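start-v2.pdb (PDB, C-alpha atoms)
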```
ATOM      1  CA  MET A 100    -125.014 143.718 124.868
ATOM      2  CA  SER A 101    -127.216 146.754 125.515
ATOM      3  CA  LEU A 102    -125.587 150.135 126.159
ATOM      4  CA  LYS A 103    -127.037 150.119 129.679
ATOM      5  CA  GLU A 104    -125.391 146.773 130.421
ATOM      6  CA  HIS A 105    -122.163 148.020 128.830
ATOM      7  CA  ILE A 106    -122.005 151.018 131.201
ATOM      8  CA  LYS A 107    -122.884 148.799 134.170
ATOM      9  CA  ARG A 108    -119.902 146.564 133.378
ATOM     10  CA  ILE A 109    -117.600 149.588 133.060
ATOM     11  CA  ILE A 110    -118.661 150.757 136.516
ATOM     12  CA  GLU A 111    -118.183 147.264 137.975
ATOM     13  CA  TYR A 112    -114.717 147.042 136.444
ATOM     14  CA  HIS A 113    -113.480 150.455 137.547
ATOM     15  CA  LYS A 114    -114.823 150.357 141.078
ATOM     16  CA  ARG A 115    -112.163 147.698 141.781
ATOM     17  CA  GLU A 116    -109.521 150.376 141.276
ATOM     18  CA  ALA A 117    -110.944 152.890 143.751
ATOM     19  CA  GLU A 118    -108.736 152.129 146.747
ATOM     20  CA  ASP A 119    -105.525 151.778 144.722
ATOM     21  CA  GLU A 120    -106.313 155.044 142.974
ATOM     22  CA  TYR A 121    -106.298 156.825 146.326
ATOM     23  CA  HIS A 122    -102.528 156.344 146.380
ATOM     24  CA  ARG A 123    -101.955 157.154 142.709
ATOM     25  CA  GLU A 124    -100.034 160.370 142.077
ATOM     26  CA  VAL A 125     -98.902 162.053 138.880
ATOM     27  CA  GLY A 126     -95.319 160.933 138.364
ATOM     28  CA  ASN A 127     -95.743 157.327 139.509
ATOM     29  CA  ASP A 128     -95.128 156.296 135.909
ATOM     30  CA  PRO A 129     -92.048 158.260 134.769
ATOM     31  CA  VAL A 130     -92.875 157.857 131.062
ATOM     32  CA  TYR A 131     -96.672 157.835 130.689
ATOM     33  CA  ASP A 132     -97.271 160.550 133.294
ATOM     34  CA  GLU A 133     -94.477 162.804 132.082
ATOM     35  CA  ILE A 134     -95.601 162.594 128.453
ATOM     36  CA  THR A 135     -99.196 163.221 129.520
ATOM     37  CA  TRP A 136     -98.458 166.226 131.727
ATOM     38  CA  SER A 137     -95.988 167.800 129.290
ATOM     39  CA  ASN A 138     -98.795 167.762 126.730
ATOM     40  CA  ILE A 139    -101.426 169.134 129.115
ATOM     41  CA  GLU A 140     -99.683 171.928 131.000
ATOM     42  CA  PRO A 141     -98.747 174.211 128.053
ATOM     43  CA  PHE A 142    -102.375 174.286 126.884
ATOM     44  CA  LEU A 143    -104.064 175.037 130.206
ATOM     45  CA  PRO A 144    -105.832 178.405 130.466
ATOM     46  CA  LYS A 145    -104.509 180.987 132.914
ATOM     47  CA  GLN A 146    -107.988 181.267 134.374
ATOM     48  CA  GLY A 147    -111.496 179.967 133.802
ATOM     49  CA  ARG A 148    -113.151 176.549 134.053
ATOM     50  CA  ILE A 149    -111.682 173.142 133.266
ATOM     51  CA  LEU A 150    -113.585 169.925 132.605
ATOM     52  CA  ASP A 151    -111.892 166.653 133.550
ATOM     53  CA  ALA A 152    -114.211 164.299 131.650
ATOM     54  CA  GLY A 153    -114.033 160.702 132.852
ATOM     55  CA  GLY A 154    -111.517 161.869 135.435
ATOM     56  CA  GLY A 155    -111.983 158.937 137.815
ATOM     57  CA  ALA A 156    -110.272 159.437 141.171
ATOM     58  CA  GLY A 157    -109.103 162.925 140.258
ATOM     59  CA  VAL A 158    -105.383 162.458 139.660
ATOM     60  CA  TRP A 159    -105.261 165.010 136.855
ATOM     61  CA  SER A 160    -107.964 167.268 138.347
ATOM     62  CA  ILE A 161    -105.801 167.718 141.423
ATOM     63  CA  LYS A 162    -102.657 168.324 139.376
ATOM     64  CA  MET A 163    -104.402 170.956 137.224
ATOM     65  CA  ALA A 164    -106.011 172.691 140.205
ATOM     66  CA  GLU A 165    -102.665 172.853 141.996
ATOM     67  CA  LYS A 166    -100.912 174.253 138.923
ATOM     68  CA  LYS A 167    -103.506 176.785 137.769
ATOM     69  CA  LYS A 168    -105.958 178.976 139.643
ATOM     70  CA  CYS A 169    -108.853 177.547 137.654
ATOM     71  CA  ARG A 170    -112.001 175.836 138.815
ATOM     72  CA  VAL A 171    -112.192 172.174 137.782
ATOM     73  CA  VAL A 172    -115.263 170.017 137.206
ATOM     74  CA  LEU A 173    -114.406 166.335 137.658
ATOM     75  CA  LEU A 174    -116.963 164.133 135.915
ATOM     76  CA  ASP A 175    -117.216 160.326 135.980
ATOM     77  CA  VAL A 176    -119.794 157.499 136.065
ATOM     78  CA  THR A 177    -118.153 155.287 138.724
ATOM     79  CA  PRO A 178    -119.387 156.294 142.208
ATOM     80  CA  GLU A 179    -116.549 154.493 143.995
ATOM     81  CA  LEU A 180    -113.921 156.438 142.052
ATOM     82  CA  LEU A 181    -115.731 159.701 142.749
ATOM     83  CA  THR A 182    -115.791 158.872 146.472
ATOM     84  CA  THR A 183    -112.037 158.313 146.318
ATOM     85  CA  ALA A 184    -111.655 161.601 144.415
ATOM     86  CA  LYS A 185    -113.539 163.493 147.123
ATOM     87  CA  ARG A 186    -111.264 162.056 149.817
ATOM     88  CA  LYS A 187    -108.143 163.019 147.891
ATOM     89  CA  ILE A 188    -109.457 166.484 147.086
ATOM     90  CA  LYS A 189    -110.311 167.071 150.747
ATOM     91  CA  ASP A 190    -106.849 165.888 151.819
ATOM     92  CA  LYS A 191    -105.298 168.342 149.364
ATOM     93  CA  MET A 192    -107.594 171.151 150.627
ATOM     94  CA  LEU A 193    -108.953 171.730 147.120
ATOM     95  CA  THR A 194    -112.679 171.316 147.778
ATOM     96  CA  GLU A 195    -113.325 174.960 146.854
ATOM     97  CA  ARG A 196    -111.622 174.538 143.498
ATOM     98  CA  ILE A 197    -112.766 171.077 142.318
ATOM     99  CA  GLU A 198    -116.403 170.075 141.848
ATOM    100  CA  VAL A 199    -117.091 166.319 141.697
ATOM    101  CA  LEU A 200    -119.968 165.263 139.465
ATOM    102  CA  ASP A 201    -121.554 161.866 138.749
ATOM    103  CA  ALA A 202    -122.309 162.123 135.019
ATOM    104  CA  ASP A 203    -121.640 160.556 131.619
ATOM    105  CA  ILE A 204    -119.283 162.096 129.048
ATOM    106  CA  ARG A 205    -121.913 161.325 126.396
ATOM    107  CA  ALA A 206    -124.434 163.599 128.147
ATOM    108  CA  ILE A 207    -122.492 166.371 129.875
ATOM    109  CA  PRO A 208    -124.894 168.430 132.036
ATOM    110  CA  HIS A 209    -123.525 171.838 131.039
ATOM    111  CA  PRO A 210    -124.491 174.387 128.367
ATOM    112  CA  GLU A 211    -122.594 174.909 125.127
ATOM    113  CA  MET A 212    -119.154 176.526 125.450
ATOM    114  CA  SER A 213    -119.037 176.244 129.244
ATOM    115  CA  PHE A 214    -115.353 175.340 129.590
ATOM    116  CA  ASP A 215    -112.015 176.978 128.789
ATOM    117  CA  PHE A 216    -110.218 173.616 128.641
ATOM    118  CA  VAL A 217    -111.371 169.996 128.424
ATOM    119  CA  LEU A 218    -109.330 166.959 129.409
ATOM    120  CA  CYS A 219    -110.464 163.415 128.579
ATOM    121  CA  GLU A 220    -107.462 161.343 129.565
ATOM    122  CA  ALA A 221    -106.875 157.587 129.206
ATOM    123  CA  ASP A 222    -109.856 155.539 128.046
ATOM    124  CA  PRO A 223    -113.230 157.306 128.564
ATOM    125  CA  ILE A 224    -113.818 157.945 124.852
ATOM    126  CA  CYS A 225    -112.831 154.368 124.000
ATOM    127  CA  ILE A 226    -114.933 152.540 126.569
ATOM    128  CA  CYS A 227    -118.056 154.721 126.760
ATOM    129  CA  GLY A 228    -119.958 152.694 124.143
ATOM    130  CA  THR A 229    -120.525 155.525 121.656
ATOM    131  CA  PRO A 230    -117.217 157.384 121.119
ATOM    132  CA  GLU A 231    -118.646 159.685 118.464
ATOM    133  CA  LYS A 232    -121.313 160.934 120.861
ATOM    134  CA  ALA A 233    -118.647 161.529 123.496
ATOM    135  CA  VAL A 234    -116.479 163.597 121.138
ATOM    136  CA  SER A 235    -119.554 165.561 120.054
ATOM    137  CA  GLU A 236    -120.341 166.400 123.685
ATOM    138  CA  LEU A 237    -116.758 167.294 124.573
ATOM    139  CA  SER A 238    -116.641 169.692 121.632
ATOM    140  CA  ARG A 239    -120.060 171.146 122.452
ATOM    141  CA  VAL A 240    -119.083 172.272 125.955
ATOM    142  CA  LEU A 241    -115.674 173.635 124.886
ATOM    143  CA  LYS A 242    -115.318 177.348 124.147
ATOM    144  CA  LEU A 243    -113.968 178.586 120.835
ATOM    145  CA  ASN A 244    -110.188 179.019 120.727
ATOM    146  CA  SER A 245    -109.849 176.578 123.635
ATOM    147  CA  TYR A 246    -108.129 173.207 123.810
ATOM    148  CA  LEU A 247    -109.285 169.617 124.154
ATOM    149  CA  VAL A 248    -106.607 167.185 125.314
ATOM    150  CA  ALA A 249    -107.568 163.529 124.988
ATOM    151  CA  GLY A 250    -106.015 160.091 125.285
ATOM    152  CA  VAL A 251    -107.262 156.989 123.466
ATOM    153  CA  ASP A 252    -106.159 153.401 122.976
ATOM    154  CA  SER A 253    -104.068 152.758 119.871
ATOM    155  CA  THR A 254    -105.300 150.263 117.283
ATOM    156  CA  LEU A 255    -101.765 149.742 115.979
ATOM    157  CA  TYR A 256    -100.425 148.847 119.403
ATOM    158  CA  ARG A 257    -103.357 146.502 119.946
ATOM    159  CA  VAL A 258    -102.445 144.688 116.732
ATOM    160  CA  PHE A 259     -98.901 144.342 118.086
ATOM    161  CA  ARG A 260    -100.379 142.939 121.305
ATOM    162  CA  ALA A 261    -102.701 140.534 119.473
ATOM    163  CA  LEU A 262     -99.837 139.230 117.325
ATOM    164  CA  SER A 263     -97.720 138.659 120.437
ATOM    165  CA  GLN A 264    -100.599 136.687 121.968
ATOM    166  CA  GLY A 265    -100.755 134.400 118.944
ATOM    167  CA  ARG A 266    -104.194 135.485 117.756
ATOM    168  CA  SER A 267    -105.159 134.291 114.298
ATOM    169  CA  LEU A 268    -104.399 136.592 111.397
ATOM    170  CA  ASP A 269    -108.040 136.407 110.305
ATOM    171  CA  SER A 270    -109.220 137.687 113.703
ATOM    172  CA  ILE A 271    -106.672 140.513 113.612
ATOM    173  CA  LEU A 272    -107.768 141.520 110.118
ATOM    174  CA  GLU A 273    -111.344 141.570 111.378
ATOM    175  CA  PHE A 274    -110.322 143.731 114.345
ATOM    176  CA  LEU A 275    -108.580 146.202 112.025
ATOM    177  CA  GLN A 276    -111.867 146.830 110.233
ATOM    178  CA  THR A 277    -113.511 148.289 113.343
ATOM    179  CA  GLY A 278    -110.922 148.802 116.083
ATOM    180  CA  ILE A 279    -113.430 147.197 118.469
ATOM    181  CA  ALA A 280    -112.603 144.264 120.755
ATOM    182  CA  ASP A 281    -112.565 143.248 124.414
ATOM    183  CA  ASP A 282    -109.560 142.845 126.728
ATOM    184  CA  ALA A 283    -109.733 139.047 126.524
ATOM    185  CA  PHE A 284    -108.863 139.248 122.828
ATOM    186  CA  PHE A 285    -105.543 140.920 123.702
ATOM    187  CA  GLY A 286    -104.698 138.624 126.608
ATOM    188  CA  TYR A 287    -105.177 141.221 129.360
ATOM    189  CA  THR A 288    -107.755 139.021 131.098
ATOM    190  CA  ASP A 289    -109.638 135.770 130.639
ATOM    191  CA  ASP A 290    -112.959 137.497 131.347
ATOM    192  CA  VAL A 291    -115.014 139.047 128.567
ATOM    193  CA  LEU A 292    -116.017 142.259 130.317
ATOM    194  CA  PHE A 293    -116.942 144.821 127.679
ATOM    195  CA  GLU A 294    -115.767 145.910 124.263
ATOM    196  CA  SER A 295    -113.878 149.117 123.656
ATOM    197  CA  LYS A 296    -112.976 151.124 120.588
ATOM    198  CA  SER A 297    -109.371 151.964 119.735
ATOM    199  CA  PHE A 298    -108.124 154.372 117.061
ATOM    200  CA  THR A 299    -105.353 154.890 114.579
ATOM    201  CA  PRO A 300    -103.917 158.424 114.696
ATOM    202  CA  THR A 301    -105.538 159.321 111.364
ATOM    203  CA  GLU A 302    -108.902 157.923 112.399
ATOM    204  CA  PHE A 303    -108.980 159.959 115.608
ATOM    205  CA  ILE A 304    -107.850 163.156 113.883
ATOM    206  CA  VAL A 305    -110.699 162.738 111.371
ATOM    207  CA  LEU A 306    -113.243 162.154 114.149
ATOM    208  CA  LEU A 307    -112.162 165.277 115.997
ATOM    209  CA  LYS A 308    -112.296 167.316 112.816
ATOM    210  CA  LYS A 309    -115.892 166.184 112.246
ATOM    211  CA  TYR A 310    -116.847 167.969 115.466
ATOM    212  CA  GLY A 311    -114.916 171.173 114.918
ATOM    213  CA  LEU A 312    -111.648 170.232 116.585
ATOM    214  CA  GLY A 313    -108.407 170.830 114.705
ATOM    215  CA  THR A 314    -105.446 168.725 115.815
ATOM    216  CA  VAL A 315    -102.356 170.695 116.830
ATOM    217  CA  LYS A 316    -100.249 167.931 118.374
ATOM    218  CA  ILE A 317    -100.235 164.143 118.569
ATOM    219  CA  VAL A 318     -97.818 161.868 120.450
ATOM    220  CA  GLY A 319     -97.689 158.272 121.574
ATOM    221  CA  LYS A 320     -97.161 156.963 125.092
ATOM    222  CA  PRO A 321     -96.581 153.511 126.581
ATOM    223  CA  LEU A 322     -98.799 152.247 129.385
ATOM    224  CA  GLY A 323     -96.680 151.355 132.356
ATOM    225  CA  PHE A 324     -92.908 151.367 132.700
ATOM    226  CA  GLY A 325     -91.321 148.156 133.908
ATOM    227  CA  PRO A 326     -89.354 145.082 132.810
ATOM    228  CA  ASP A 327     -92.484 143.063 132.010
ATOM    229  CA  VAL A 328     -94.414 145.743 130.114
ATOM    230  CA  LEU A 329     -95.071 144.804 126.497
ATOM    231  CA  ASP A 330     -93.846 148.046 124.963
ATOM    232  CA  SER A 331     -92.762 148.106 121.326
ATOM    233  CA  PHE A 332     -89.294 149.382 122.274
ATOM    234  CA  VAL A 333     -88.682 148.010 125.783
ATOM    235  CA  SER A 334     -89.494 144.488 124.568
ATOM    236  CA  THR A 335     -86.638 144.652 122.049
ATOM    237  CA  LEU A 336     -84.127 144.615 124.918
ATOM    238  CA  PRO A 337     -82.710 141.188 125.788
ATOM    239  CA  THR A 338     -84.498 139.916 128.900
ATOM    240  CA  GLU A 339     -81.508 139.962 131.256
ATOM    241  CA  LYS A 340     -80.325 143.385 130.137
ATOM    242  CA  ARG A 341     -83.862 144.720 130.518
ATOM    243  CA  ARG A 342     -84.026 143.506 134.113
ATOM    244  CA  ARG A 343     -80.591 144.981 134.916
ATOM    245  CA  ILE A 344     -81.710 148.353 133.565
ATOM    246  CA  PHE A 345     -84.792 148.384 135.770
ATOM    247  CA  GLU A 346     -82.709 147.474 138.835
ATOM    248  CA  ASP A 347     -80.432 150.484 138.244
ATOM    249  CA  THR A 348     -82.068 153.872 138.906
ATOM    250  CA  THR A 349     -79.673 155.768 136.635
ATOM    251  CA  GLU A 350     -80.119 153.371 133.735
ATOM    252  CA  LYS A 351     -83.892 153.336 134.197
ATOM    253  CA  GLU A 352     -83.971 157.145 134.022
ATOM    254  CA  LYS A 353     -81.951 157.032 130.797
ATOM    255  CA  LEU A 354     -84.414 154.563 129.272
ATOM    256  CA  ALA A 355     -87.322 156.766 130.318
ATOM    257  CA  LYS A 356     -85.706 159.736 128.550
ATOM    258  CA  ILE A 357     -85.190 157.645 125.394
ATOM    259  CA  LEU A 358     -88.855 156.592 125.344
ATOM    260  CA  HIS A 359     -90.036 160.132 126.008
ATOM    261  CA  LYS A 360     -88.046 161.376 123.004
ATOM    262  CA  ILE A 361     -89.209 158.534 120.739
ATOM    263  CA  TYR A 362     -92.893 158.926 121.546
ATOM    264  CA  ASP A 363     -92.765 162.664 120.959
ATOM    265  CA  GLU A 364     -92.400 161.909 117.240
ATOM    266  CA  PRO A 365     -95.892 162.426 115.740
ATOM    267  CA  TYR A 366     -95.371 160.105 112.784
ATOM    268  CA  ILE A 367     -95.075 157.059 115.042
ATOM    269  CA  ALA A 368     -97.633 158.075 117.669
ATOM    270  CA  GLY A 369     -99.705 154.961 117.002
ATOM    271  CA  ILE A 370     -96.928 152.631 118.180
ATOM    272  CA  GLY A 371     -97.620 153.632 121.775
ATOM    273  CA  SER A 372    -100.295 151.797 123.714
ATOM    274  CA  HIS A 373    -102.085 155.142 123.924
ATOM    275  CA  ILE A 374    -102.382 158.111 121.596
ATOM    276  CA  HIS A 375    -102.319 161.546 123.224
ATOM    277  CA  ILE A 376    -103.791 164.333 121.149
ATOM    278  CA  VAL A 377    -104.193 168.092 121.545
ATOM    279  CA  ALA A 378    -106.917 169.784 119.513
ATOM    280  CA  VAL A 379    -108.336 173.297 119.359
ATOM    281  CA  LYS A 380    -111.883 174.432 118.698
ATOM    282  CA  LYS A 381    -111.211 177.207 116.254
ATOM    283  CA  LYS A 382    -113.012 178.718 113.296
ATOM    284  CA  ALA A 383    -111.949 181.245 110.680
ATOM    285  CA  ASN A 384    -114.508 182.691 108.274
ATOM    286  CA  GLY A 385    -116.961 180.029 109.354
ATOM    287  CA  HIS A 386    -114.629 177.123 108.536
ATOM    288  CA  ILE A 387    -112.758 174.818 110.866
ATOM    289  CA  VAL A 388    -109.009 175.381 110.891
ATOM    290  CA  GLN A 389    -107.180 172.043 110.648
ATOM    291  CA  LEU A 390    -103.634 172.523 111.927
ATOM    292  CA  LEU A 391    -102.137 169.051 111.540
TER     293      LEU A 391
END
```

Please, can you express the file's structure as structure tokens?
Amino acid sequence: MSLKEHIKRIIEYHKREAEDEYHREVGNDPVYDEITWSNIEPFLPKQGRILDAGGGAGVWSIKMAEKKKCRVVLLDVTPELLTTAKRKIKDKMLTERIEVLDADIRAIPHPEMSFDFVLCEADPICICGTPEKAVSELSRVLKLNSYLVAGVDSTLYRVFRALSQGRSLDSILEFLQTGIADDAFFGYTDDVLFESKSFTPTEFIVLLKKYGLGTVKIVGKPLGFGPDVLDSFVSTLPTEKRRRIFEDTTEKEKLAKILHKIYDEPYIAGIGSHIHIVAVKKKANGHIVQLL
């Protein structure tokens, strides 16, 4: 598949989400969202410009603009999601603070060191077709001594998913060589839409380092929080007990706290469906400082 066709399929896939994303708020997922925000907020600049790269319908752009008096550039390639973002931003009366831009994270239309903070949350790096080019661009537009916060799919979790789906061991070994596969391979859909690249924690740390970004923090996070989610820890609960927990608000909150504490452990970050990483663009005596 050509890169042009790859991007076209990404746009087709994500435009289906546009209307649902209008109603999406930070906090809807008490585990994923809380882990994400708790590892964004401390690293936000007090002032300056923020890039939300691949920010879709603007969930995190809005949250950052509400929290800090910074200007945010929301960038994405799916027009339908950007239309939804504009509606939400207008409803929140943040049109003066958030600029919405139709552009690709692999070719960011801004000069070097334009931003005081860069967010690339969820899957943009994984699904863009050329992750290395994306990381290169994200680093290029980030100022020195500023933070990149990024989320990527976890290769280790995807192996867990593939095993649970009964995939052959040969096919899983082949996947581990590249970290590249489509959603059909993991049983998310029957349609072969487009391939995406996942990472192990070490692999992503090394990629960031290649482009001048030293990792300061890495955590895992599960995608979704419910009785039917295939999470490494939630799935260990007996089925009936799991359902009782999710029917009891107090018990569900306790489970969320347990998962939050578990996934904050950097040495098991790859067990989560996503890896959340904080990196800084910092040099000392001309050399990159690697902090983790």

What is the atom CA of A:Thr299-atom CA of A:Leu255 distance in Å, reported with one decimal?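 Separation of atom CA of A:Thr299 and atom CA of A:Leu255: 6.4 Å.
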
Point to revise | Close residues, A:His105 itself excluded, 12 Å, all atoms listed in the file, min 5 positions apart in chain, as number ranges by chain | key: A: 100, 110-112, 226-229, 281, 291-295

Written file, previous selection with C-alpha atoms, as a tab-separated table (two decimals), in the frame of the given file:
```tsv
chain	number	residue	atom	x	y	z
A	100	MET	CA	-125.01	143.72	124.87
A	110	ILE	CA	-118.66	150.76	136.52
A	111	GLU	CA	-118.18	147.26	137.98
A	112	TYR	CA	-114.72	147.04	136.44
A	226	ILE	CA	-114.93	152.54	126.57
A	227	CYS	CA	-118.06	154.72	126.76
A	228	GLY	CA	-119.96	152.69	124.14
A	229	THR	CA	-120.52	155.52	121.66
A	281	ASP	CA	-112.56	143.25	124.41
A	291	VAL	CA	-115.01	139.05	128.57
A	292	LEU	CA	-116.02	142.26	130.32
A	293	PHE	CA	-116.94	144.82	127.68
A	294	GLU	CA	-115.77	145.91	124.26
A	295	SER	CA	-113.88	149.12	123.66
```

Could you pull the residues within 10 Å of A:Asp119, counting all atoms listed in the file, minus those fewer than 2 positions along the same chain, as a short mmCIF file (atom, residue, chain, number, x, y, z; two decimals) with C-alpha atoms, in the frame of the given file?
```
data_model
loop_
_atom_site.label_atom_id
_atom_site.label_comp_id
_atom_site.auth_asym_id
_atom_site.auth_seq_id
_atom_site.Cartn_x
_atom_site.Cartn_y
_atom_site.Cartn_z
CA ARG A 115 -112.16 147.70 141.78
CA GLU A 116 -109.52 150.38 141.28
CA ALA A 117 -110.94 152.89 143.75
CA TYR A 121 -106.30 156.82 146.33
CA HIS A 122 -102.53 156.34 146.38
CA ARG A 123 -101.96 157.15 142.71
CA ALA A 156 -110.27 159.44 141.17
CA LEU A 180 -113.92 156.44 142.05
CA THR A 183 -112.04 158.31 146.32
#
```

As a check of understanding, name the residues that the PyMOL selection byres ((chain A and resi 239) around 10) selects in the supplied structure, as a ChimeraX atom specification.
/A:207,209-214,233-238,240-243,310-311,380

- Find the distance between atom CA of A:Phe216 and atom CA of A:Arg108 and write it in Å to one decimal.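 Value for the atom CA of A:Phe216-atom CA of A:Arg108 distance: 29.1 Å.
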
Practice problem: Would you list the contacts of A:Phe274 as JSON, numbers by chain, taking every protein, DNA or RNA residue within 10 Å and counting only C-alpha atoms, but skipping same-chain residues closer than 2 positions in sequence? | Solution: {"A": [254, 257, 258, 261, 268, 269, 270, 271, 272, 276, 277, 278, 279, 280, 284, 297]}

Per residue of stretch 187-303 of chain A within 12 Å of stretch 344-368 of chain A, what are the shortest atom pair and its distance in Å to one decimal, counting all atoms listed in the file, with rows by chain and residue number, as a tab-separated table?
```
residue	atom	partner	partner_atom	distance
A:Gly250	CA	A:Ala368	CA	11.5
A:Val251	CA	A:Ala368	CA	11.3
A:Asp252	CA	A:Ala368	CA	11.1
A:Ser253	CA	A:Ala368	CA	8.6
A:Thr254	CA	A:Ala368	CA	11.0
A:Leu255	CA	A:Ala368	CA	9.5
A:Tyr256	CA	A:Ala368	CA	9.8
A:Phe298	CA	A:Ala368	CA	11.1
A:Thr299	CA	A:Ala368	CA	8.9
A:Pro300	CA	A:Ala368	CA	7.0
A:Thr301	CA	A:Ala368	CA	10.2
A:Phe303	CA	A:Ala368	CA	11.7
```

A:Ser245 proximity check over A:Val318, A:Ala152, A:Val328, A:Leu312, using all atoms listed in the file: winner is A:Leu312

So that I can see what lies close to stretch 186-199 of chain A, please list as a PDB file with C-alpha atoms, keeping the file's coordinate frame the residues with an atom at most 9 Å from it, counting only C-alpha atoms and leaving out residues fewer than 5 positions away in the same chain.
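around.pdb was written with the following content:
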```pdb
ATOM      1  CA  TYR A 121    -106.298 156.825 146.326  1.00  0.00           C
ATOM      2  CA  HIS A 122    -102.528 156.344 146.380  1.00  0.00           C
ATOM      3  CA  ALA A 156    -110.272 159.437 141.171  1.00  0.00           C
ATOM      4  CA  GLY A 157    -109.103 162.925 140.258  1.00  0.00           C
ATOM      5  CA  VAL A 158    -105.383 162.458 139.660  1.00  0.00           C
ATOM      6  CA  SER A 160    -107.964 167.268 138.347  1.00  0.00           C
ATOM      7  CA  ILE A 161    -105.801 167.718 141.423  1.00  0.00           C
ATOM      8  CA  ALA A 164    -106.011 172.691 140.205  1.00  0.00           C
ATOM      9  CA  GLU A 165    -102.665 172.853 141.996  1.00  0.00           C
ATOM     10  CA  LYS A 168    -105.958 178.976 139.643  1.00  0.00           C
ATOM     11  CA  CYS A 169    -108.853 177.547 137.654  1.00  0.00           C
ATOM     12  CA  ARG A 170    -112.001 175.836 138.815  1.00  0.00           C
ATOM     13  CA  VAL A 171    -112.192 172.174 137.782  1.00  0.00           C
ATOM     14  CA  VAL A 172    -115.263 170.017 137.206  1.00  0.00           C
ATOM     15  CA  LEU A 173    -114.406 166.335 137.658  1.00  0.00           C
ATOM     16  CA  LEU A 174    -116.963 164.133 135.915  1.00  0.00           C
ATOM     17  CA  ASP A 175    -117.216 160.326 135.980  1.00  0.00           C
ATOM     18  CA  LEU A 181    -115.731 159.701 142.749  1.00  0.00           C
TER      19      LEU A 181
END
```

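This file, queried with the PyMOL selection byres ((chain A and resi 321) around 9), gives the residues Val130, Tyr131, Gly319, Lys320, Leu322, Gly323, Phe324, Val328, Leu329, Asp330, Ser331, Leu358, Tyr362, Ile370, Gly371, Ser372, His373 and Ile374 of chain A.
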
Listed atoms of stretch 290-301 of chain A, axis-aligned box, 8 Å per side: centre and edge lengths to one decimal in Å, as lines of an AutoDock Vina configuration file?
```
center_x = -110.4
center_y = 148.4
center_z = 121.4
size_x = 29.0
size_y = 37.8
size_z = 36.0
```

- Using all atoms listed in the file: which of A:Gly313, A:Gly265, A:Thr135, A:Thr177 has the shortest distance to A:His113: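 Smallest distance to A:His113 is found for A:Thr177.
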
File for stretch 365-383 of chain A (C-alpha atoms), as a CSV table (one decimal), in the first residue's frame:
```csv
chain,number,residue,atom,x,y,z
A,365,PRO,CA,8.1,2.3,34.8
A,366,TYR,CA,9.5,-1.2,34.7
A,367,ILE,CA,6.2,-2.7,33.5
A,368,ALA,CA,5.0,0.2,31.3
A,369,GLY,CA,4.8,-2.1,28.3
A,370,ILE,CA,2.1,-4.2,29.8
A,371,GLY,CA,-0.4,-1.4,29.3
A,372,SER,CA,-2.2,-1.2,25.9
A,373,HIS,CA,-0.4,2.2,25.5
A,374,ILE,CA,2.9,3.6,26.6
A,375,HIS,CA,2.9,7.2,27.9
A,376,ILE,CA,6.3,8.9,27.8
A,377,VAL,CA,7.7,12.3,28.8
A,378,ALA,CA,10.9,13.4,27.1
A,379,VAL,CA,12.9,16.7,27.2
A,380,LYS,CA,14.9,18.3,24.4
A,381,LYS,CA,18.0,19.2,26.4
A,382,LYS,CA,21.7,19.5,25.6
A,383,ALA,CA,24.7,20.0,27.8
```
